[in-house]
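S.K.: Provided herewith is a single structure, encoded as structure tokens, for subsequent inquiry.
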Amino acid sequence: MLETLFRQDAQRRLSDIGAADIIVGIPTYKNARTIAPVMRTVAEGLAREFRHLKSVLVVVDGGSPDDTVAVANQMQLPPPVKRLVMSYQGVQGKGSAVHAVFEMARVMRARAVVILEADLQSITPDWSTRLARPILENAFQIAIPYYLRPLPDGAMTDLLAYPLTRLLYGADVRQPMGGEYALSADFAAKLAARDVWETDVARHGVDIWITTVALLENVKLCQVRLGVKLDDSRELSLSFDPTFVQAIGTLFRLVDIYKRRWLENAATRPAPFYGNGVGAEPPRAWMPAVTAAALGDAFVAGVRRYQRLWRIALTPSTRTAVKELSEQADGATRFSASLWARTVYDFLTVYNQGEGDPDKIVAALLPLYYARCATIMRETNLQPAAVEKAVQEQAQAFVAEKPYLINLWNAYVPWLWEGVR
């Protein structure tokens, strides 16, 4: 497997380093501006907290056309921390880089694997050590982050991944799509052996896939408090977002794969916290990278662009409610929690049971997602406590509308549904 992921020179460098206790992997692509401070902060924590262990900081690049690799190679790290910078081969995406890190962990016989994102602004030296500690102590097999994240950056988790994971799989994991986590070497090796690395898991579906597999296959999981996550926010493409399509497409596909569990009301899974973690963030309003008005404009544009796909994806009653909102001047910021739950259930069902292109179905959800996000931004004024309250209310709306999902899932017939449109 290693031969297909790395070129020979990279394999030689891997062999030179030999065994390791802990590997911290950072997938990169065009992160020349942010990779140096992230590497410096991680290395500081490893050198201070894990001086007695052999730590390797691995930067796995996806072919960046900028100076990401050069910057990573030039970083001065404290002596206890080894550095490895290499490019992977295969499908371009974060998942392929994570896969490569898992394979390196197997070769190095590492005890723990930590994955961090390359554009973190709020990272502190203890992030990687906090995540790794429960794994190194053999207390858990995977550690998931628990942090506050501002809108709209955290909206995919807040409005989709969190409420669906909590409802369908009975686990109150607040950040199931978190970009940072730690795993035992055994669990990482099992994931690396799965036949998923040519799918969207190899792109931006990897984070929700790992969490879902851990929950549904009874892997011992904990949450670790990390405070606040701020990153170098990527510029949102409000007309089409491949990250959204890949991540939410993976989330939706997993719902079908594990449908027996949620249709039969699987038992609640514990998701305990490890350690005391970071204290609460002082209340303050976030400065969004994208305004509610811009998200509202994207919703209005989506009415024109995705009208045909909405006729395929939405039940008549849901479609009527969306149409009424689109005809109101402020409709994009009046998208209710219950309407959003029914909308998601419509798309989730058609994605898995319909006869159209699943990727196009997920893409057509994007303007509606923007409207729900814009609504929460308006209602909360981006105050963290108010946003969290809205997220919890949204999760409760998913619970209240579960009978709607069950009925839709069991009764859906593509040709019949087409007939009523």
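By order of appearance in the structure tokens: chains A, B, ..., then residues from 1 within every chain, and ligands from 1 in the order shown.
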Would you write out, as a Markdown table, a table of all residues in range 338-387 of chain A that have an atom no more than 9 Å from an atom of range 295-313 of chain A, listing for each the closest atom pair and the distance in Å to one decimal, considering only C-alpha atoms and ordering rows by chain and rising residue number?

M.R.:
| residue | atom | partner | partner_atom | distance |
| --- | --- | --- | --- | --- |
| A:Thr343 | CA | A:Ala313 | CA | 8.6 |
| A:Asp346 | CA | A:Ala313 | CA | 6.1 |
| A:Phe347 | CA | A:Ala313 | CA | 5.4 |
| A:Leu348 | CA | A:Ala313 | CA | 8.7 |
| A:Thr349 | CA | A:Ala313 | CA | 8.3 |
| A:Val350 | CA | A:Ala313 | CA | 5.8 |
| A:Tyr351 | CA | A:Ala313 | CA | 8.0 |
| A:Gly354 | CA | A:Ala313 | CA | 8.4 |
| A:Gly356 | CA | A:Ile312 | CA | 8.5 |
| A:Lys360 | CA | A:Leu309 | CA | 7.9 |
| A:Ile361 | CA | A:Leu309 | CA | 6.8 |
| A:Ala363 | CA | A:Tyr306 | CA | 8.8 |
| A:Ala364 | CA | A:Tyr306 | CA | 5.8 |
| A:Leu365 | CA | A:Trp310 | CA | 8.3 |
| A:Leu366 | CA | A:Gly302 | CA | 8.2 |
| A:Pro367 | CA | A:Phe299 | CA | 4.4 |
| A:Leu368 | CA | A:Phe299 | CA | 6.1 |
| A:Tyr369 | CA | A:Phe299 | CA | 8.3 |
| A:Tyr370 | CA | A:Leu295 | CA | 5.2 |
| A:Ala371 | CA | A:Gly296 | CA | 5.7 |
| A:Cys373 | CA | A:Leu295 | CA | 7.7 |
| A:Ala374 | CA | A:Leu295 | CA | 6.0 |
| A:Thr375 | CA | A:Gly296 | CA | 8.7 |

S.K.: Write out as a list of chain:residue names each polymer residue whose atoms come within 10 Å of range 259-261 of chain A, counting only C-alpha atoms; drop sequence neighbours fewer than 4 positions from it.

M.R.: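 Listed by chain and then number, they are A:Leu168, A:Tyr169, A:Gly170, A:Leu216, A:Arg253, A:Leu254, A:Val255, A:Asn265, A:Ala266, A:Ala267, A:Trp409.
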
S.K.: Can I get the selection written as a PDB file, in the first residue's frame, with C-alpha atoms?

M.R.:
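again-v1.pdb was written with the following content:
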ATOM      1  CA  LEU A 168     -29.839   8.762  13.890  1.00  0.00           C
ATOM      2  CA  TYR A 169     -26.967   7.232  15.826  1.00  0.00           C
ATOM      3  CA  GLY A 170     -27.844   8.258  19.375  1.00  0.00           C
ATOM      4  CA  LEU A 216     -21.547   2.621  14.555  1.00  0.00           C
ATOM      5  CA  ARG A 253     -24.474   8.001   1.927  1.00  0.00           C
ATOM      6  CA  LEU A 254     -23.603   6.767   5.415  1.00  0.00           C
ATOM      7  CA  VAL A 255     -27.233   7.192   6.460  1.00  0.00           C
ATOM      8  CA  ASN A 265     -33.828   3.057  17.021  1.00  0.00           C
ATOM      9  CA  ALA A 266     -30.313   1.973  17.952  1.00  0.00           C
ATOM     10  CA  ALA A 267     -29.269   2.359  21.566  1.00  0.00           C
ATOM     11  CA  TRP A 409     -37.945   6.758   3.607  1.00  0.00           C
TER      12      TRP A 409
END

S.K.: Residues at most 10 Å from Asp21 in chain A, counting only C-alpha atoms, excluding those fewer than 2 positions away in the same chain, as JSON, numbers by chain?

M.R.: {"A": [19, 23, 50, 52, 53, 54, 55, 56, 105, 108, 109, 110, 111, 112, 113, 136, 185]}

S.K.: With DSSP run on the backbone, what are the helix (DSSP H, G or I) residues within range 171-315 of chain A? I'd like them as a PyMOL selection string.

M.R.: chain A and resi 185-192+200-202+206-216+242-257+259-263+292-305+307-313

S.K.: A:Ala294, A:Val42, A:Ala321, A:Ala139: which is nearest Lys220 in chain A, counting only C-alpha atoms?

M.R.: A:Ala139

S.K.: Using the chain letters and numbers from this document, which residues of range 89-177 of chain A does DSSP assign to strand (DSSP E or B), as a ChimeraX atom specification?

M.R.: /A:112-115,120,142-148

S.K.: Print the selection's residues with C-alpha atoms to a file, as a compact mmCIF listing (two decimals), in the first residue's frame.

M.R.:
# COMPACT_ATOMS: atom_id res chain seq x y z
CA ALA A 112 -1.15 7.40 18.38
CA VAL A 113 -2.03 9.39 15.26
CA VAL A 114 -3.18 13.00 15.40
CA ILE A 115 -4.68 14.85 12.42
CA LEU A 120 -5.75 26.89 12.13
CA ILE A 142 -10.50 7.94 19.05
CA ALA A 143 -10.63 11.47 20.44
CA ILE A 144 -12.94 14.00 18.78
CA PRO A 145 -12.59 17.77 19.35
CA TYR A 146 -15.18 19.84 21.19
CA TYR A 147 -14.93 23.54 20.41
CA LEU A 148 -16.92 26.63 19.58

S.K.: How many Å separate CA of Lys94 in chain A from CA of Gly178 in chain A?

M.R.: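 These atoms are spaced 12.8 Å apart.
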
S.K.: Restricting the calculation to only C-alpha atoms, which member of A:Ile208, A:Met86, A:Ala70, A:Leu131 is positioned closest to Leu164 in chain A?

M.R.: A:Ile208

S.K.: Skipping near chain neighbours, those fewer than 4 positions away, what residues fall within 8 Å of Leu116 in chain A using only C-alpha atoms, listed as an MDAnalysis selection string?

M.R.: chainID A and resid 24:27 128 179:181

S.K.: Keeping only N, CA and C atoms, write those residues as a PDB file, in the first residue's frame.

M.R.:
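Saved result, out.pdb, follows:
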ATOM      1  N   VAL A  24       1.910  13.307  14.200  1.00  0.00           N
ATOM      2  CA  VAL A  24       0.946  14.389  13.982  1.00  0.00           C
ATOM      3  C   VAL A  24       0.956  14.707  12.495  1.00  0.00           C
ATOM      4  N   GLY A  25      -0.130  14.409  11.820  1.00  0.00           N
ATOM      5  CA  GLY A  25      -0.228  14.615  10.382  1.00  0.00           C
ATOM      6  C   GLY A  25      -0.993  15.885  10.056  1.00  0.00           C
ATOM      7  N   ILE A  26      -0.461  16.680   9.141  1.00  0.00           N
ATOM      8  CA  ILE A  26      -1.111  17.910   8.694  1.00  0.00           C
ATOM      9  C   ILE A  26      -1.277  17.849   7.182  1.00  0.00           C
ATOM     10  N   PRO A  27      -2.468  17.552   6.683  1.00  0.00           N
ATOM     11  CA  PRO A  27      -2.707  17.611   5.240  1.00  0.00           C
ATOM     12  C   PRO A  27      -2.635  19.061   4.759  1.00  0.00           C
ATOM     13  N   SER A 128      -2.625  19.274  20.121  1.00  0.00           N
ATOM     14  CA  SER A 128      -2.248  17.919  19.695  1.00  0.00           C
ATOM     15  C   SER A 128      -2.017  17.017  20.894  1.00  0.00           C
ATOM     16  N   GLY A 179     -12.286  18.862  12.061  1.00  0.00           N
ATOM     17  CA  GLY A 179     -11.121  18.575  11.218  1.00  0.00           C
ATOM     18  C   GLY A 179      -9.921  18.077  11.977  1.00  0.00           C
ATOM     19  N   GLU A 180     -10.011  18.004  13.302  1.00  0.00           N
ATOM     20  CA  GLU A 180      -8.902  17.568  14.149  1.00  0.00           C
ATOM     21  C   GLU A 180      -9.356  16.370  14.978  1.00  0.00           C
ATOM     22  N   TYR A 181      -8.496  15.370  15.127  1.00  0.00           N
ATOM     23  CA  TYR A 181      -8.832  14.200  15.930  1.00  0.00           C
ATOM     24  C   TYR A 181      -7.578  13.361  16.143  1.00  0.00           C
TER      25      TYR A 181
END

S.K.: Mind giving me the straight-line distance from CA of Cys222 in chain A to CA of Gly205 in chain A in Å, one decimal?

M.R.: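 For CA of Cys222 in chain A relative to CA of Gly205 in chain A, the distance reads 20.7 Å.
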
S.K.: Name the closest residue to Asp200 in chain A among the candidates A:Leu226, A:Ala36, A:Ile257, A:Ile248; distances are taken between atoms, counting only C-alpha atoms.

M.R.: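 Distance minimum relative to Asp200 in chain A lands on A:Ile248.
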
S.K.: Would you list the contacts of Asn407 in chain A as a PyMOL selection string, taking every protein, DNA or RNA residue within 12 Å and counting only C-alpha atoms, but skipping same-chain residues closer than 5 positions in sequence?

M.R.: chain A and resi 263+342+345-346+349+401-402+412-413

S.K.: Next, the residues of the selection above should be written as a short mmCIF file (atom, residue, chain, number, x, y, z; two decimals), in the first residue's frame with N, CA and C atoms.

M.R.:
data_model
loop_
_atom_site.label_atom_id
_atom_site.label_comp_id
_atom_site.auth_asym_id
_atom_site.auth_seq_id
_atom_site.Cartn_x
_atom_site.Cartn_y
_atom_site.Cartn_z
N LEU A 263 -33.25 3.03 11.73
CA LEU A 263 -34.64 2.63 11.54
C LEU A 263 -35.13 1.79 12.71
N ARG A 342 -37.33 19.16 7.59
CA ARG A 342 -38.07 18.47 6.53
C ARG A 342 -37.32 18.56 5.20
N TYR A 345 -34.51 16.07 5.25
CA TYR A 345 -35.03 14.71 5.11
C TYR A 345 -35.48 14.42 3.68
N ASP A 346 -36.05 15.42 3.01
CA ASP A 346 -36.40 15.25 1.60
C ASP A 346 -35.16 14.95 0.77
N THR A 349 -33.48 11.51 1.51
CA THR A 349 -34.20 10.37 0.92
C THR A 349 -33.97 10.28 -0.58
N GLU A 401 -39.23 15.91 13.84
CA GLU A 401 -39.62 15.56 12.47
C GLU A 401 -39.18 14.16 12.06
N LYS A 402 -38.66 13.37 12.99
CA LYS A 402 -38.20 12.03 12.61
C LYS A 402 -39.33 11.17 12.04
N TYR A 412 -41.16 6.07 -0.14
CA TYR A 412 -40.70 6.77 -1.35
C TYR A 412 -40.69 5.83 -2.56
N VAL A 413 -41.34 6.29 -3.63
CA VAL A 413 -41.32 5.60 -4.93
C VAL A 413 -41.04 6.65 -5.98
#

S.K.: For Thr333 in chain A, which of A:Asn218, A:Thr68, A:Met377, A:Met156 is the closest residue, counting only C-alpha atoms?

M.R.: A:Met377
